[in-house]
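Engineer: One structure coming up, written as C-alpha cells, with questions to follow.
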Amino acid sequence: MKVERIEVIALDKKTAAQYAQQIAFEQIGQEVKKVKYLGGGSFGRAYKIVFIDGKKIVIKFLRAQDMLEKEVYDLDLLAANCSVKFPKVIFSQKANNEIPVDCYGMELIEGSNAVFSLKLLLKSKKNRKKFANEVVTALHDIHCCKNEKFGDTLSPKYNCWLDFYKPYAKQILNKAEEMFAGGELPKKVIETMRAAWKKFDIIFSEEVSQASLIHGDFNIANMMIDKNLKLSGFIDPLNSMYADLEYDLFQFDNLSGKWFYLRKAYIEKYGASKYCDAKCAFYGLFHEVYSYIKSGMLVKFIMNPLVKNMKKRLTQL
C-alpha cells in the first residue's frame, strides 16, 4: 500500500445526489422517487436510492482513483466467506466525461449503523456480550478464509507477514517523521511511534503462521443492526488483505467498541498470540497515522486514546 496523501476528487453532496439519480436510472432502468445522503468518509459518499416501485439500492462514489476494482472485489470476497450479510454489488461504473468519479451500486442493508444506536448502547451487559458474540463469530468466518501468501487480496505475494508489514510500517514512520518536522504531527504521536518501533522485534516476535482474510476496517461503525437491535450486516471494508488476523482486532477498541467487549469476546472464544495487546496497540496507532497521511484529517478523539494505549502496552513488555 502506498503511504502518501491521496488527491481527492471534488464532489459536493448536491452534485453527487444528482449524479446518483442519473446513474440509478441509467443502470436499473426505473424512475427514481427519492435520493438520500447516507454518509461518507474521506474518500466516499453513499446515497440511498428509492425507486418508484419501492426497490432500494445504495450508490457509493469513490473520491480517489484506483479504489473501484478492489472495493468491489473485496465486498464479493467477504460476502462469500461470512455468515453475516455484506451488500451485494449490483453494478460498477468508471468515471467518464459526464460523471467524473468512480462509483458502484449495491444492495441496501436495512437497519441502522450500530455506532449511533442509543438503545443498543443501553442494553444490559449480558445482551451487549451476546451482540459481541454474534459479531466475533461472523468475523471468525472471514478469518477462516486462508491463502498461501500474505498481502493485498488482489495480489497476495508475500511468504511471511512481516515481509509485507514491517516495510509498510517503516514507510508510515518515515512519513510521520517528515510531517513532524513540518509541524503537521503532534510531538506525543511521533515520540510514541519511535518508542514502539524500537520494540518492533519484541512485539512481533511470534510468527504469524497463516495468511487470513481480514475486513481491514472492522469497527462498530461498519456494523448494521435491524429494528430489533439484531446484527443485520457489515459494510465498508478498507484495505482488506490476507494478513495477521489480529490486524482486524484493533478497531474493536475504537469508538464504542470497548462497551461491547468486542476484542475481549474474540480472544476468549478463539484465543490470541502472546503479544496480541501490544500488536493491536501498534497496528492501531500506525493505522491511524496512515489514515491521517492519506486524508489530511487528524481525528484527535481516536488518535489520543491510541497513543495512550501504545504507551501503556510498551510499559508491559
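Just so we're on the same page: first chain in the C-alpha cells is A, next is B, and so on; residues restart at 1 for each chain, and ligands are numbered from 1 in the order they show up.
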Contacts of Lys166 in chain A at 10 Å or less, counting only C-alpha atoms, minus same-chain residues fewer than 6 places along, as a list in words?
Structural biologist: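 Contacts, with the query itself left out: Ile172, Trp197, Phe200, Asp201 and Phe204 of chain A.
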Engineer: Can you list, as an MDAnalysis selection string, every protein, DNA or RNA residue that comes within 12 Å of range 268-272 of chain A when you count only C-alpha atoms, leaving out same-chain residues fewer than 5 positions away?
Structural biologist: chainID A and resid 129 132:137 139:141 143:144 206 208 244:247 249 261:263 277:280
Engineer: CA of Val101 in chain A and CA of Ala80 in chain A are how many Å apart?
Structural biologist: 27.4 Å
Engineer: Quick check for you: according to DSSP on this backbone, which residues of range 211-281 of chain A are classed as strand (DSSP E or B)? Reply as a list in words.
Structural biologist: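 These are the residues in question: Ala211, Ser212, Leu213, Ile214, Met223, Met224, Ile225, Leu231, Ser232, Gly233, Phe234, Met241, Tyr242 and Ala243 of chain A.
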Engineer: Output C-alpha atoms for every residue in the selection just made, as a PDB file, in the first residue's frame.
Structural biologist:
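As written to disk, out09.pdb reads:
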ATOM      1  CA  ALA A 211      -2.482 -15.667   5.997  1.00  0.00           C
ATOM      2  CA  SER A 212      -6.095 -14.955   6.962  1.00  0.00           C
ATOM      3  CA  LEU A 213      -8.623 -12.845   5.117  1.00  0.00           C
ATOM      4  CA  ILE A 214      -9.393  -9.641   7.042  1.00  0.00           C
ATOM      5  CA  MET A 223     -21.822  -2.941  11.673  1.00  0.00           C
ATOM      6  CA  MET A 224     -25.524  -2.656  10.878  1.00  0.00           C
ATOM      7  CA  ILE A 225     -28.427  -3.561  13.149  1.00  0.00           C
ATOM      8  CA  LEU A 231     -26.901  -7.731  13.741  1.00  0.00           C
ATOM      9  CA  SER A 232     -28.067  -7.364  10.130  1.00  0.00           C
ATOM     10  CA  GLY A 233     -24.904  -6.816   8.121  1.00  0.00           C
ATOM     11  CA  PHE A 234     -21.385  -5.484   7.682  1.00  0.00           C
ATOM     12  CA  MET A 241      -5.804  -8.329   2.955  1.00  0.00           C
ATOM     13  CA  TYR A 242      -4.582 -11.811   3.645  1.00  0.00           C
ATOM     14  CA  ALA A 243      -2.855 -10.913   6.853  1.00  0.00           C
TER      15      ALA A 243
END
Engineer: Counting only C-alpha atoms, which residues of range 267-310 of chain A fall within 10 Å of range 41-63 of chain A, and what is the closest atom pair for each with its distance in Å at one decimal, ordered by chain and rising number, as JSON lines?
Structural biologist:
{"residue": "A:Ser291", "atom": "CA", "partner": "A:Ser42", "partner_atom": "CA", "distance": 9.2}
{"residue": "A:Tyr292", "atom": "CA", "partner": "A:Ser42", "partner_atom": "CA", "distance": 10.0}
{"residue": "A:Lys294", "atom": "CA", "partner": "A:Ser42", "partner_atom": "CA", "distance": 8.9}
{"residue": "A:Ser295", "atom": "CA", "partner": "A:Ser42", "partner_atom": "CA", "distance": 6.1}
{"residue": "A:Gly296", "atom": "CA", "partner": "A:Ser42", "partner_atom": "CA", "distance": 9.0}
{"residue": "A:Met297", "atom": "CA", "partner": "A:Ser42", "partner_atom": "CA", "distance": 8.1}
Engineer: Output C-alpha atoms for every residue in the selection just made, as an mmCIF file, in the first residue's frame.
Structural biologist:
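Output below, filename again-v3.cif:
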data_model
loop_
_atom_site.group_PDB
_atom_site.id
_atom_site.type_symbol
_atom_site.label_atom_id
_atom_site.label_comp_id
_atom_site.auth_asym_id
_atom_site.auth_seq_id
_atom_site.Cartn_x
_atom_site.Cartn_y
_atom_site.Cartn_z
ATOM 1 C CA SER A 291 -5.125 7.385 7.644
ATOM 2 C CA TYR A 292 -4.005 10.909 8.572
ATOM 3 C CA LYS A 294 -3.761 9.715 3.281
ATOM 4 C CA SER A 295 -6.594 12.082 4.139
ATOM 5 C CA GLY A 296 -5.004 15.031 5.931
ATOM 6 C CA MET A 297 -7.590 14.670 8.696
#
Engineer: Using only C-alpha atoms, which protein or nucleic acid residues come within 12 Å of range 182-192 of chain A? Drop anything in the same chain fewer than 4 positions from it, and give the result as a short mmCIF file (atom, residue, chain, number, x, y, z; two decimals) with C-alpha atoms, in the first residue's frame.
Structural biologist:
data_model
loop_
_atom_site.label_atom_id
_atom_site.label_comp_id
_atom_site.auth_asym_id
_atom_site.auth_seq_id
_atom_site.Cartn_x
_atom_site.Cartn_y
_atom_site.Cartn_z
CA ILE A 172 4.47 5.16 7.80
CA LEU A 173 7.08 6.07 10.41
CA ASN A 174 9.30 7.77 7.84
CA LYS A 175 6.42 9.84 6.50
CA ALA A 176 5.34 10.67 10.05
CA GLU A 177 8.86 11.97 10.74
CA GLU A 178 8.57 14.25 7.70
CA ALA A 196 7.02 1.45 19.55
CA TRP A 197 9.36 0.97 16.60
CA LYS A 198 12.27 0.29 18.95
CA LYS A 199 10.25 -2.60 20.38
CA ALA A 281 -1.81 -1.10 20.02
CA PHE A 282 0.91 -0.90 17.34
CA LEU A 285 -1.54 3.74 16.16
CA PHE A 286 0.26 3.19 12.87
CA GLU A 288 -4.43 5.95 12.34
CA VAL A 289 -1.28 7.83 11.34
CA TYR A 290 -1.52 6.18 7.91
CA TYR A 292 -4.00 10.91 8.57
CA ILE A 293 -1.25 10.78 5.95
CA GLY A 296 -5.00 15.03 5.93
CA MET A 297 -7.59 14.67 8.70
CA LEU A 298 -6.27 14.22 12.25
CA VAL A 299 -9.09 12.79 14.40
CA LYS A 300 -7.92 13.56 17.94
CA MET A 303 -5.68 9.30 17.89
CA ASN A 304 -5.22 10.32 21.53
CA PRO A 305 -6.51 7.04 23.06
CA LEU A 306 -4.33 5.09 20.62
CA VAL A 307 -1.23 6.98 21.75
CA LYS A 308 -2.16 6.39 25.39
CA ASN A 309 -2.77 2.68 24.80
CA MET A 310 0.53 2.23 22.96
CA LYS A 311 2.42 3.84 25.84
CA LYS A 312 0.64 1.53 28.28
CA ARG A 313 1.48 -1.60 26.30
CA LEU A 314 5.14 -0.60 25.97
CA THR A 315 5.47 -0.48 29.75
#
Engineer: Using only C-alpha atoms, which of A:Asn254, A:Asn222, A:Asn97, A:Ser83 sits nearest Gly40 in chain A?
Structural biologist: A:Asn222
Engineer: What does the distance between CA of Phe91 in chain A and CA of Gly105 in chain A come to in Å, to one decimal place?
Structural biologist: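 Spanning CA of Phe91 in chain A to CA of Gly105 in chain A is a straight-line distance of 5.2 Å.
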Engineer: Given the choices A:Lys88, A:Lys230, A:Lys94, A:Lys36, which gets closest to Lys119 in chain A if the distance is worked out from only C-alpha atoms?
Structural biologist: A:Lys230
Engineer: Residues at most 9 Å from Leu121 in chain A, counting only C-alpha atoms, excluding those fewer than 4 positions away in the same chain, as an NGL selection string?
Structural biologist: :A and (114-117 or 128 or 256 or 259-260)
Engineer: Grab the residues selected above and save them as a PDB file, in the first residue's frame with N, CA and C atoms.
Structural biologist:
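Saved file again_35.pdb follows:
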ATOM      1  N   ALA A 114     -24.668   0.700  13.922  1.00  0.00           N
ATOM      2  CA  ALA A 114     -24.641   0.334  15.337  1.00  0.00           C
ATOM      3  C   ALA A 114     -24.048   1.427  16.216  1.00  0.00           C
ATOM      4  N   VAL A 115     -23.130   2.217  15.671  1.00  0.00           N
ATOM      5  CA  VAL A 115     -22.456   3.213  16.494  1.00  0.00           C
ATOM      6  C   VAL A 115     -23.403   4.330  16.935  1.00  0.00           C
ATOM      7  N   PHE A 116     -24.503   4.535  16.205  1.00  0.00           N
ATOM      8  CA  PHE A 116     -25.433   5.613  16.526  1.00  0.00           C
ATOM      9  C   PHE A 116     -26.662   5.140  17.298  1.00  0.00           C
ATOM     10  N   SER A 117     -26.714   3.860  17.658  1.00  0.00           N
ATOM     11  CA  SER A 117     -27.902   3.320  18.311  1.00  0.00           C
ATOM     12  C   SER A 117     -27.803   3.460  19.831  1.00  0.00           C
ATOM     13  N   ARG A 128     -25.217  -7.027  25.632  1.00  0.00           N
ATOM     14  CA  ARG A 128     -24.113  -6.469  24.859  1.00  0.00           C
ATOM     15  C   ARG A 128     -23.086  -7.552  24.546  1.00  0.00           C
ATOM     16  N   SER A 256     -17.226   3.116  20.266  1.00  0.00           N
ATOM     17  CA  SER A 256     -17.872   2.494  21.435  1.00  0.00           C
ATOM     18  C   SER A 256     -17.615   0.990  21.515  1.00  0.00           C
ATOM     19  N   TRP A 259     -17.271  -0.862  24.858  1.00  0.00           N
ATOM     20  CA  TRP A 259     -18.516  -1.014  25.618  1.00  0.00           C
ATOM     21  C   TRP A 259     -19.184  -2.356  25.335  1.00  0.00           C
ATOM     22  N   PHE A 260     -18.845  -2.953  24.202  1.00  0.00           N
ATOM     23  CA  PHE A 260     -19.430  -4.242  23.821  1.00  0.00           C
ATOM     24  C   PHE A 260     -18.450  -5.405  24.006  1.00  0.00           C
TER      25      PHE A 260
END
Engineer: For CA of Val72 in chain A and CA of Ser92 in chain A, determine how far apart the two atoms are, in Å to one decimal place.
Structural biologist: 7.8 Å
Engineer: Which of these residues is nearest to Met106 in chain A, using only C-alpha atoms: A:Leu238, A:Ala64, A:Ile90, A:Leu122?
Structural biologist: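 Among the listed residues, the smallest separation from Met106 in chain A belongs to A:Ile90.
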Engineer: Which residues come within 9 Å of Pro87 in chain A, counting only C-alpha atoms, excluding same-chain residues fewer than 5 positions away, as a list in words?
Structural biologist: Leu75, Asp76, Ala79, Met106, Glu107, Leu108, Ile109, Gly233, Phe234 and Ile235 of chain A
Engineer: Generate a file of the selected residues that holds C-alpha atoms, formatted as a CSV table (one decimal), in the first residue's frame.
Structural biologist:
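As a result, out_38.csv now contains:
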chain,number,residue,atom,x,y,z
A,75,LEU,CA,-17.1,-7.0,-1.0
A,76,ASP,CA,-17.8,-10.1,-3.1
A,79,ALA,CA,-19.7,-11.9,1.3
A,106,MET,CA,-25.1,-2.3,-4.2
A,107,GLU,CA,-27.9,-3.8,-2.1
A,108,LEU,CA,-29.2,-1.8,0.8
A,109,ILE,CA,-28.8,-3.5,4.1
A,233,GLY,CA,-24.9,-6.8,8.1
A,234,PHE,CA,-21.4,-5.5,7.7
A,235,ILE,CA,-20.3,-2.7,5.4
